[in-house]
Each structure stands twice: as C-alpha cells, then as structure tokens.
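final33.pdb follows (PDB, C-alpha atoms):
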```
ATOM      1  CA  MET R   1     -41.372 -32.191 -26.051
ATOM      2  CA  SER R   2     -39.868 -35.530 -25.380
ATOM      3  CA  GLU R   3     -38.141 -36.555 -22.178
ATOM      4  CA  GLY R   4     -34.726 -36.280 -23.854
ATOM      5  CA  ASP R   5     -35.421 -32.680 -24.896
ATOM      6  CA  ILE R   6     -36.399 -31.757 -21.339
ATOM      7  CA  ASP R   7     -33.193 -33.287 -19.972
ATOM      8  CA  LEU R   8     -31.191 -31.366 -22.544
ATOM      9  CA  GLU R   9     -32.894 -28.081 -21.582
ATOM     10  CA  ILE R  10     -32.222 -28.731 -17.885
ATOM     11  CA  LEU R  11     -28.567 -29.426 -18.659
ATOM     12  CA  LYS R  12     -28.315 -26.184 -20.665
ATOM     13  CA  LEU R  13     -29.864 -24.171 -17.819
ATOM     14  CA  ARG R  14     -27.431 -25.681 -15.283
ATOM     15  CA  MET R  15     -24.456 -24.891 -17.504
ATOM     16  CA  MET R  16     -25.665 -21.310 -17.993
ATOM     17  CA  ALA R  17     -26.116 -20.882 -14.236
ATOM     18  CA  ASP R  18     -22.577 -22.192 -13.638
ATOM     19  CA  LEU R  19     -21.172 -19.795 -16.219
ATOM     20  CA  LYS R  20     -23.012 -16.878 -14.612
ATOM     21  CA  ARG R  21     -21.615 -17.788 -11.177
ATOM     22  CA  LYS R  22     -18.087 -17.992 -12.576
ATOM     23  CA  ALA R  23     -18.483 -14.637 -14.320
ATOM     24  CA  LEU R  24     -19.710 -13.002 -11.098
ATOM     25  CA  SER R  25     -16.816 -14.425  -9.102
ATOM     26  CA  LEU R  26     -14.349 -13.121 -11.704
ATOM     27  CA  LYS R  27     -15.912  -9.660 -11.489
ATOM     28  CA  LYS R  28     -15.518  -9.698  -7.691
ATOM     29  CA  VAL R  29     -11.854 -10.664  -7.973
ATOM     30  CA  GLN R  30     -11.216  -7.978 -10.575
ATOM     31  CA  SER R  31     -12.997  -5.305  -8.544
ATOM     32  CA  THR R  32     -10.876  -6.036  -5.464
ATOM     33  CA  GLU R  33      -7.702  -5.922  -7.550
ATOM     34  CA  LYS R  34      -8.601  -2.499  -8.916
ATOM     35  CA  ARG R  35      -8.798  -0.912  -5.475
ATOM     36  CA  ASP R  36      -6.288   1.827  -4.828
ATOM     37  CA  TYR R  37      -4.666   0.662  -1.623
ATOM     38  CA  ARG R  38      -2.123   3.487  -1.800
ATOM     39  CA  SER R  39      -4.777   6.173  -1.345
ATOM     40  CA  ILE R  40      -6.374   4.150   1.473
ATOM     41  CA  LEU R  41      -2.989   3.969   3.206
ATOM     42  CA  MET R  42      -2.150   7.631   2.580
ATOM     43  CA  ASP R  43      -5.283   8.686   4.460
ATOM     44  CA  LYS R  44      -3.956   6.915   7.575
ATOM     45  CA  LEU R  45      -0.344   8.184   7.444
ATOM     46  CA  THR R  46       1.111  11.223   9.178
ATOM     47  CA  GLU R  47       2.974  13.743   7.019
ATOM     48  CA  ARG R  48       6.415  12.456   8.013
ATOM     49  CA  ALA R  49       5.282   8.858   7.446
ATOM     50  CA  LYS R  50       4.293   9.858   3.895
ATOM     51  CA  GLU R  51       7.854  11.088   3.339
ATOM     52  CA  ILE R  52       9.237   7.778   4.607
ATOM     53  CA  LEU R  53       6.882   5.883   2.316
ATOM     54  CA  SER R  54       8.002   7.894  -0.717
ATOM     55  CA  CYS R  55      11.669   7.225   0.155
ATOM     56  CA  ALA R  56      10.888   3.521   0.492
ATOM     57  CA  GLU R  57       9.088   3.511  -2.868
ATOM     58  CA  ALA R  58      12.148   5.025  -4.529
ATOM     59  CA  GLN R  59      14.568   2.568  -2.896
ATOM     60  CA  TYR R  60      12.485  -0.633  -2.827
ATOM     61  CA  PRO R  61       9.644  -0.250  -5.364
ATOM     62  CA  GLY R  62       8.523  -3.889  -5.592
ATOM     63  CA  GLU R  63       8.611  -4.618  -1.891
ATOM     64  CA  THR R  64       6.952  -1.317  -1.013
ATOM     65  CA  ARG R  65       4.131  -1.989  -3.488
ATOM     66  CA  LYS R  66       3.376  -5.269  -1.711
ATOM     67  CA  ILE R  67       3.578  -3.620   1.738
ATOM     68  CA  ILE R  68       1.168  -0.890   0.584
ATOM     69  CA  GLU R  69      -1.253  -3.537  -0.634
ATOM     70  CA  VAL R  70      -1.129  -5.482   2.639
ATOM     71  CA  LEU R  71      -1.502  -2.367   4.793
ATOM     72  CA  GLY R  72      -4.324  -1.084   2.584
ATOM     73  CA  LYS R  73      -6.198  -4.364   2.945
ATOM     74  CA  ALA R  74      -5.694  -4.297   6.720
ATOM     75  CA  ILE R  75      -7.028  -0.748   6.929
ATOM     76  CA  GLU R  76      -9.962  -1.606   4.690
ATOM     77  CA  SER R  77     -10.894  -4.658   6.747
ATOM     78  CA  GLY R  78     -10.691  -2.646   9.980
ATOM     79  CA  ASP R  79      -7.646  -4.380  11.463
ATOM     80  CA  ILE R  80      -5.797  -1.038  11.513
ATOM     81  CA  LYS R  81      -7.912   1.802  12.850
ATOM     82  CA  ASP R  82      -5.419   4.388  14.112
ATOM     83  CA  THR R  83      -3.145   6.632  12.096
ATOM     84  CA  ILE R  84       0.284   5.239  11.302
ATOM     85  CA  ASP R  85       3.124   7.441  12.465
ATOM     86  CA  GLU R  86       6.639   7.622  11.040
ATOM     87  CA  TYR R  87       8.196   5.522  13.800
ATOM     88  CA  SER R  88       5.794   2.621  13.265
ATOM     89  CA  LEU R  89       6.211   2.688   9.505
ATOM     90  CA  TYR R  90      10.003   2.911   9.681
ATOM     91  CA  GLU R  91      10.089   0.088  12.231
ATOM     92  CA  LEU R  92       7.927  -2.017   9.908
ATOM     93  CA  PHE R  93      10.387  -1.566   7.065
ATOM     94  CA  LEU R  94      13.331  -2.359   9.332
ATOM     95  CA  SER R  95      11.664  -5.493  10.668
ATOM     96  CA  LEU R  96      11.191  -6.666   7.064
ATOM     97  CA  GLY R  97      14.894  -6.142   6.379
ATOM     98  CA  LEU R  98      14.434  -2.975   4.335
ATOM     99  CA  ASN R  99      16.770  -0.268   5.569
ATOM    100  CA  VAL R 100      15.141   2.864   4.183
ATOM    101  CA  ARG R 101      17.629   5.698   3.923
ATOM    102  CA  ILE R 102      16.047   9.022   4.801
ATOM    103  CA  PRO R 103      17.821  12.265   3.900
ATOM    104  CA  THR R 104      18.645  14.243   7.008
ATOM    105  CA  ASN R 105      20.143  17.677   7.494
ATOM    106  CA  ILE R 106      21.703  18.913  10.715
ATOM    107  CA  TYR R 107      21.746  22.638  11.342
ATOM    108  CA  TYR R 108      23.616  24.752  13.827
ATOM    109  CA  VAL R 109      22.121  27.998  15.105
ATOM    110  CA  ARG R 110      24.554  30.690  16.194
ATOM    111  CA  LYS R 111      23.432  34.213  17.036
ATOM    112  CA  GLY R 112      20.093  33.621  15.356
ATOM    113  CA  GLU R 113      21.759  32.489  12.152
ATOM    114  CA  LYS R 114      21.006  28.984  10.936
ATOM    115  CA  LYS R 115      23.846  27.171   9.164
ATOM    116  CA  SER R 116      24.292  23.614   8.042
ATOM    117  CA  LEU R 117      27.133  21.635   9.565
ATOM    118  CA  ILE R 118      28.888  21.567   6.202
ATOM    119  CA  ASP R 119      28.986  25.365   6.110
ATOM    120  CA  LEU R 120      30.098  25.452   9.745
ATOM    121  CA  PHE R 121      33.040  23.138   9.066
ATOM    122  CA  LYS R 122      34.062  25.129   5.987
ATOM    123  CA  GLU R 123      34.579  28.245   8.123
TER     124      GLU R 123
END
```

Could you take the file, read its structure, and then write that structure out as structure tokens?
Amino acid sequence: MSEGDIDLEILKLRMMADLKRKALSLKKVQSTEKRDYRSILMDKLTERAKEILSCAEAQYPGETRKIIEVLGKAIESGDIKDTIDEYSLYELFLSLGLNVRIPTNIYYVRKGEKKSLIDLFKE
C-alpha cells in the first residue's frame, strides 16, 4: 500500500466513526422523545389531581401536553419526589394563566335525603 492509500483509509475510518457517533446521538434523542411522561406524571398524582388534569387536557390540550412533558421530566430527573395534590396542580395551572374549569355540584341534605341545589330551588 502506498502512503496515499493509507491516508485514504484513515480518512474513511474517521468518517465512519463520526457517522456512528451521530447515529448514536440521534438514537438517544429519539429514545427520550418516546418516553411516556403522562404515565410518569400519573403515578405521582392524587385521584382528584388526575381529575383536574383530565379537565385541563380537555380545555387546554396543547398547553397541558407541554406541562405534562415538563412535569414528567422533573419527576424523572428527581426534582419532584413527592406526590402532587390537586391544590398544587390547580395552582400551577392558575399561575400559568390557565383557568381550568372544574365541574362542581353542591348538595343539600335534609332529613337524611340528599338533594342538589337545583332540585331544592325547584320545590
């Protein structure tokens, strides 16, 4: 082999090594994008907080998707260790300017009989 052939082989090996590194970095990026941050977040939410999250997803789907991703990453990295209750989650949405409307029902109990306020006012 001549000196030129050796230089060419070295250049080919360097290019192949660079391509392998780029391919590995792309795989890492794709694997982190495929993570299901929603399930990670759902494991840390209380039952009522899950209801608030579902209401927020219905009312603000794009914004809620991004919030889920950020919270999921924070939980995964260990920044959030405790469970997230409904007050904290609702306050988070309010602080971001997202007023999540939650359906509420008020009941009146009279003589052991439970009635909604609508039924009470109809009487």

Requested in this report: Would you kindly return, as a list of chain:residue names, each protein, DNA or RNA residue with an atom no farther than 10 Å from any atom of segment 68-85 of chain R, considering all atoms listed in the file and excluding same-chain residues fewer than 6 positions away?
Outcome: R:Thr32, R:Glu33, R:Arg35, R:Asp36, R:Tyr37, R:Arg38, R:Ser39, R:Ile40, R:Leu41, R:Met42, R:Asp43, R:Lys44, R:Leu45, R:Thr46, R:Glu47, R:Arg48, R:Ala49, R:Lys50, R:Ile52, R:Leu53, R:Glu57

Can you write out the residues you just picked, keeping C-alpha atoms, as a PDB file, in the coordinates of the input?
```pdb
ATOM      1  CA  THR R  32     -10.876  -6.036  -5.464  1.00  0.00           C
ATOM      2  CA  GLU R  33      -7.702  -5.922  -7.550  1.00  0.00           C
ATOM      3  CA  ARG R  35      -8.798  -0.912  -5.475  1.00  0.00           C
ATOM      4  CA  ASP R  36      -6.288   1.827  -4.828  1.00  0.00           C
ATOM      5  CA  TYR R  37      -4.666   0.662  -1.623  1.00  0.00           C
ATOM      6  CA  ARG R  38      -2.123   3.487  -1.800  1.00  0.00           C
ATOM      7  CA  SER R  39      -4.777   6.173  -1.345  1.00  0.00           C
ATOM      8  CA  ILE R  40      -6.374   4.150   1.473  1.00  0.00           C
ATOM      9  CA  LEU R  41      -2.989   3.969   3.206  1.00  0.00           C
ATOM     10  CA  MET R  42      -2.150   7.631   2.580  1.00  0.00           C
ATOM     11  CA  ASP R  43      -5.283   8.686   4.460  1.00  0.00           C
ATOM     12  CA  LYS R  44      -3.956   6.915   7.575  1.00  0.00           C
ATOM     13  CA  LEU R  45      -0.344   8.184   7.444  1.00  0.00           C
ATOM     14  CA  THR R  46       1.111  11.223   9.178  1.00  0.00           C
ATOM     15  CA  GLU R  47       2.974  13.743   7.019  1.00  0.00           C
ATOM     16  CA  ARG R  48       6.415  12.456   8.013  1.00  0.00           C
ATOM     17  CA  ALA R  49       5.282   8.858   7.446  1.00  0.00           C
ATOM     18  CA  LYS R  50       4.293   9.858   3.895  1.00  0.00           C
ATOM     19  CA  ILE R  52       9.237   7.778   4.607  1.00  0.00           C
ATOM     20  CA  LEU R  53       6.882   5.883   2.316  1.00  0.00           C
ATOM     21  CA  GLU R  57       9.088   3.511  -2.868  1.00  0.00           C
TER      22      GLU R  57
END
```

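With distances restricted to only C-alpha atoms, R:Thr64 is the closest residue to Leu92 of chain R from R:Glu51, R:Lys111, R:Thr64, R:Leu117.
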
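Each of R:Arg101, R:Ile118, R:Leu89, R:Asp5 was compared to Gln59 of chain R using only C-alpha atoms, and R:Arg101 turns out to be the nearest.
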
Query raised in the report: When you draw a straight line from atom CA of Tyr87 of chain R to atom CA of Lys115 of chain R, how long is it in Å?
Result: 27.1 Å

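Interatomic distance, atom CA of Ser54 of chain R against atom CA of Val100 of chain R: 10.0 Å.
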
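Interatomic distance, atom CA of Asn99 of chain R against atom CA of Cys55 of chain R: 10.6 Å.
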
Requested in this report: Find the residues near Asp119 of chain R: any atom within 12 Å, counting only C-alpha atoms, skip ones fewer than 4 places away on the same chain, and give them as a PyMOL selection string.
Outcome: chain R and resi 105-109+113-115+123

So for segment 49-62 of chain R, what box centre and size do we get, axis-aligned, 6 Å extra on each of the six sides, every listed atom, Å to one decimal, as lines of an AutoDock Vina configuration file?
```
center_x = 9.4
center_y = 3.6
center_z = 0.9
size_x = 22.3
size_y = 27.0
size_z = 25.0
```

Segment 103-117 of chain R from the block above: all heavy atoms written as a PDB file, in the first residue's frame:
```
ATOM      1  N   PRO R 103     -66.026  20.895  37.035  1.00  0.00           N
ATOM      2  CA  PRO R 103     -67.456  20.770  37.354  1.00  0.00           C
ATOM      3  C   PRO R 103     -67.653  20.498  38.848  1.00  0.00           C
ATOM      4  O   PRO R 103     -66.988  19.642  39.425  1.00  0.00           O
ATOM      5  CB  PRO R 103     -67.916  19.589  36.503  1.00  0.00           C
ATOM      6  CG  PRO R 103     -66.676  18.837  36.176  1.00  0.00           C
ATOM      7  CD  PRO R 103     -65.547  19.814  36.194  1.00  0.00           C
ATOM      8  N   THR R 104     -68.537  21.261  39.432  1.00  0.00           N
ATOM      9  CA  THR R 104     -68.825  21.089  40.858  1.00  0.00           C
ATOM     10  C   THR R 104     -70.328  20.948  41.054  1.00  0.00           C
ATOM     11  O   THR R 104     -71.122  21.542  40.321  1.00  0.00           O
ATOM     12  CB  THR R 104     -68.330  22.291  41.687  1.00  0.00           C
ATOM     13  OG1 THR R 104     -68.910  23.485  41.162  1.00  0.00           O
ATOM     14  CG2 THR R 104     -66.828  22.395  41.652  1.00  0.00           C
ATOM     15  N   ASN R 105     -70.697  20.180  42.030  1.00  0.00           N
ATOM     16  CA  ASN R 105     -72.098  20.003  42.401  1.00  0.00           C
ATOM     17  C   ASN R 105     -72.232  20.276  43.890  1.00  0.00           C
ATOM     18  O   ASN R 105     -71.436  19.783  44.696  1.00  0.00           O
ATOM     19  CB  ASN R 105     -72.578  18.587  42.096  1.00  0.00           C
ATOM     20  CG  ASN R 105     -72.558  18.286  40.616  1.00  0.00           C
ATOM     21  OD1 ASN R 105     -72.915  19.133  39.816  1.00  0.00           O
ATOM     22  ND2 ASN R 105     -72.131  17.086  40.259  1.00  0.00           N
ATOM     23  N   ILE R 106     -73.243  21.044  44.249  1.00  0.00           N
ATOM     24  CA  ILE R 106     -73.498  21.343  45.653  1.00  0.00           C
ATOM     25  C   ILE R 106     -74.790  20.639  46.041  1.00  0.00           C
ATOM     26  O   ILE R 106     -75.804  20.765  45.358  1.00  0.00           O
ATOM     27  CB  ILE R 106     -73.618  22.864  45.886  1.00  0.00           C
ATOM     28  CG1 ILE R 106     -72.325  23.544  45.444  1.00  0.00           C
ATOM     29  CG2 ILE R 106     -73.923  23.154  47.355  1.00  0.00           C
ATOM     30  CD1 ILE R 106     -72.397  25.055  45.456  1.00  0.00           C
ATOM     31  N   TYR R 107     -74.718  19.894  47.129  1.00  0.00           N
ATOM     32  CA  TYR R 107     -75.872  19.138  47.597  1.00  0.00           C
ATOM     33  C   TYR R 107     -76.315  19.639  48.955  1.00  0.00           C
ATOM     34  O   TYR R 107     -75.526  20.126  49.755  1.00  0.00           O
ATOM     35  CB  TYR R 107     -75.543  17.642  47.692  1.00  0.00           C
ATOM     36  CG  TYR R 107     -75.265  17.016  46.348  1.00  0.00           C
ATOM     37  CD1 TYR R 107     -73.961  16.789  45.923  1.00  0.00           C
ATOM     38  CD2 TYR R 107     -76.306  16.653  45.524  1.00  0.00           C
ATOM     39  CE1 TYR R 107     -73.706  16.220  44.688  1.00  0.00           C
ATOM     40  CE2 TYR R 107     -76.062  16.079  44.283  1.00  0.00           C
ATOM     41  CZ  TYR R 107     -74.770  15.870  43.881  1.00  0.00           C
ATOM     42  OH  TYR R 107     -74.516  15.319  42.663  1.00  0.00           O
ATOM     43  N   TYR R 108     -77.609  19.482  49.190  1.00  0.00           N
ATOM     44  CA  TYR R 108     -78.204  19.856  50.458  1.00  0.00           C
ATOM     45  C   TYR R 108     -78.790  18.581  51.059  1.00  0.00           C
ATOM     46  O   TYR R 108     -79.491  17.828  50.381  1.00  0.00           O
ATOM     47  CB  TYR R 108     -79.306  20.902  50.209  1.00  0.00           C
ATOM     48  CG  TYR R 108     -80.041  21.323  51.441  1.00  0.00           C
ATOM     49  CD1 TYR R 108     -79.489  22.243  52.328  1.00  0.00           C
ATOM     50  CD2 TYR R 108     -81.304  20.808  51.727  1.00  0.00           C
ATOM     51  CE1 TYR R 108     -80.176  22.634  53.460  1.00  0.00           C
ATOM     52  CE2 TYR R 108     -81.988  21.197  52.858  1.00  0.00           C
ATOM     53  CZ  TYR R 108     -81.420  22.110  53.717  1.00  0.00           C
ATOM     54  OH  TYR R 108     -82.099  22.502  54.846  1.00  0.00           O
ATOM     55  N   VAL R 109     -78.512  18.352  52.334  1.00  0.00           N
ATOM     56  CA  VAL R 109     -79.023  17.156  52.997  1.00  0.00           C
ATOM     57  C   VAL R 109     -80.078  17.591  54.000  1.00  0.00           C
ATOM     58  O   VAL R 109     -79.817  18.378  54.910  1.00  0.00           O
ATOM     59  CB  VAL R 109     -77.886  16.375  53.706  1.00  0.00           C
ATOM     60  CG1 VAL R 109     -78.456  15.171  54.428  1.00  0.00           C
ATOM     61  CG2 VAL R 109     -76.830  15.966  52.715  1.00  0.00           C
ATOM     62  N   ARG R 110     -81.304  17.079  53.798  1.00  0.00           N
ATOM     63  CA  ARG R 110     -82.389  17.394  54.720  1.00  0.00           C
ATOM     64  C   ARG R 110     -83.080  16.089  55.098  1.00  0.00           C
ATOM     65  O   ARG R 110     -83.505  15.327  54.226  1.00  0.00           O
ATOM     66  CB  ARG R 110     -83.408  18.318  54.042  1.00  0.00           C
ATOM     67  CG  ARG R 110     -84.503  18.726  55.001  1.00  0.00           C
ATOM     68  CD  ARG R 110     -85.634  19.527  54.423  1.00  0.00           C
ATOM     69  NE  ARG R 110     -85.291  20.339  53.282  1.00  0.00           N
ATOM     70  CZ  ARG R 110     -86.193  20.896  52.499  1.00  0.00           C
ATOM     71  NH1 ARG R 110     -87.474  20.733  52.728  1.00  0.00           N
ATOM     72  NH2 ARG R 110     -85.833  21.610  51.458  1.00  0.00           N
ATOM     73  N   LYS R 111     -83.115  15.824  56.386  1.00  0.00           N
ATOM     74  CA  LYS R 111     -83.740  14.612  56.917  1.00  0.00           C
ATOM     75  C   LYS R 111     -83.171  13.353  56.264  1.00  0.00           C
ATOM     76  O   LYS R 111     -83.887  12.447  55.897  1.00  0.00           O
ATOM     77  CB  LYS R 111     -85.257  14.658  56.729  1.00  0.00           C
ATOM     78  CG  LYS R 111     -85.917  15.778  57.480  1.00  0.00           C
ATOM     79  CD  LYS R 111     -87.397  15.771  57.260  1.00  0.00           C
ATOM     80  CE  LYS R 111     -88.038  16.951  57.957  1.00  0.00           C
ATOM     81  NZ  LYS R 111     -89.464  17.026  57.673  1.00  0.00           N
ATOM     82  N   GLY R 112     -81.863  13.345  56.084  1.00  0.00           N
ATOM     83  CA  GLY R 112     -81.194  12.186  55.522  1.00  0.00           C
ATOM     84  C   GLY R 112     -81.341  12.051  54.015  1.00  0.00           C
ATOM     85  O   GLY R 112     -80.859  11.098  53.431  1.00  0.00           O
ATOM     86  N   GLU R 113     -82.021  13.005  53.401  1.00  0.00           N
ATOM     87  CA  GLU R 113     -82.224  12.949  51.961  1.00  0.00           C
ATOM     88  C   GLU R 113     -81.310  13.961  51.278  1.00  0.00           C
ATOM     89  O   GLU R 113     -81.301  15.134  51.615  1.00  0.00           O
ATOM     90  CB  GLU R 113     -83.686  13.268  51.628  1.00  0.00           C
ATOM     91  CG  GLU R 113     -84.035  13.073  50.196  1.00  0.00           C
ATOM     92  CD  GLU R 113     -85.518  13.350  49.935  1.00  0.00           C
ATOM     93  OE1 GLU R 113     -86.316  13.332  50.879  1.00  0.00           O
ATOM     94  OE2 GLU R 113     -85.842  13.604  48.774  1.00  0.00           O
ATOM     95  N   LYS R 114     -80.553  13.485  50.325  1.00  0.00           N
ATOM     96  CA  LYS R 114     -79.576  14.331  49.635  1.00  0.00           C
ATOM     97  C   LYS R 114     -80.193  14.850  48.338  1.00  0.00           C
ATOM     98  O   LYS R 114     -80.642  14.081  47.493  1.00  0.00           O
ATOM     99  CB  LYS R 114     -78.327  13.512  49.335  1.00  0.00           C
ATOM    100  CG  LYS R 114     -77.228  14.229  48.638  1.00  0.00           C
ATOM    101  CD  LYS R 114     -76.013  13.311  48.544  1.00  0.00           C
ATOM    102  CE  LYS R 114     -75.218  13.563  47.321  1.00  0.00           C
ATOM    103  NZ  LYS R 114     -74.061  12.685  47.184  1.00  0.00           N
ATOM    104  N   LYS R 115     -80.213  16.193  48.211  1.00  0.00           N
ATOM    105  CA  LYS R 115     -80.771  16.820  47.015  1.00  0.00           C
ATOM    106  C   LYS R 115     -79.782  17.852  46.500  1.00  0.00           C
ATOM    107  O   LYS R 115     -79.073  18.493  47.265  1.00  0.00           O
ATOM    108  CB  LYS R 115     -82.077  17.544  47.333  1.00  0.00           C
ATOM    109  CG  LYS R 115     -83.208  16.660  47.735  1.00  0.00           C
ATOM    110  CD  LYS R 115     -84.457  17.470  47.937  1.00  0.00           C
ATOM    111  CE  LYS R 115     -85.624  16.584  48.342  1.00  0.00           C
ATOM    112  NZ  LYS R 115     -86.856  17.354  48.542  1.00  0.00           N
ATOM    113  N   SER R 116     -79.780  18.021  45.191  1.00  0.00           N
ATOM    114  CA  SER R 116     -78.951  19.073  44.622  1.00  0.00           C
ATOM    115  C   SER R 116     -79.643  20.416  44.854  1.00  0.00           C
ATOM    116  O   SER R 116     -80.856  20.492  45.095  1.00  0.00           O
ATOM    117  CB  SER R 116     -78.731  18.839  43.128  1.00  0.00           C
ATOM    118  OG  SER R 116     -79.929  19.031  42.427  1.00  0.00           O
ATOM    119  N   LEU R 117     -78.882  21.472  44.777  1.00  0.00           N
ATOM    120  CA  LEU R 117     -79.467  22.803  44.984  1.00  0.00           C
ATOM    121  C   LEU R 117     -80.485  23.145  43.923  1.00  0.00           C
ATOM    122  O   LEU R 117     -81.478  23.834  44.192  1.00  0.00           O
ATOM    123  CB  LEU R 117     -78.359  23.868  44.999  1.00  0.00           C
ATOM    124  CG  LEU R 117     -77.551  23.959  46.278  1.00  0.00           C
ATOM    125  CD1 LEU R 117     -76.532  25.080  46.178  1.00  0.00           C
ATOM    126  CD2 LEU R 117     -78.432  24.199  47.492  1.00  0.00           C
TER     127      LEU R 117
END
```
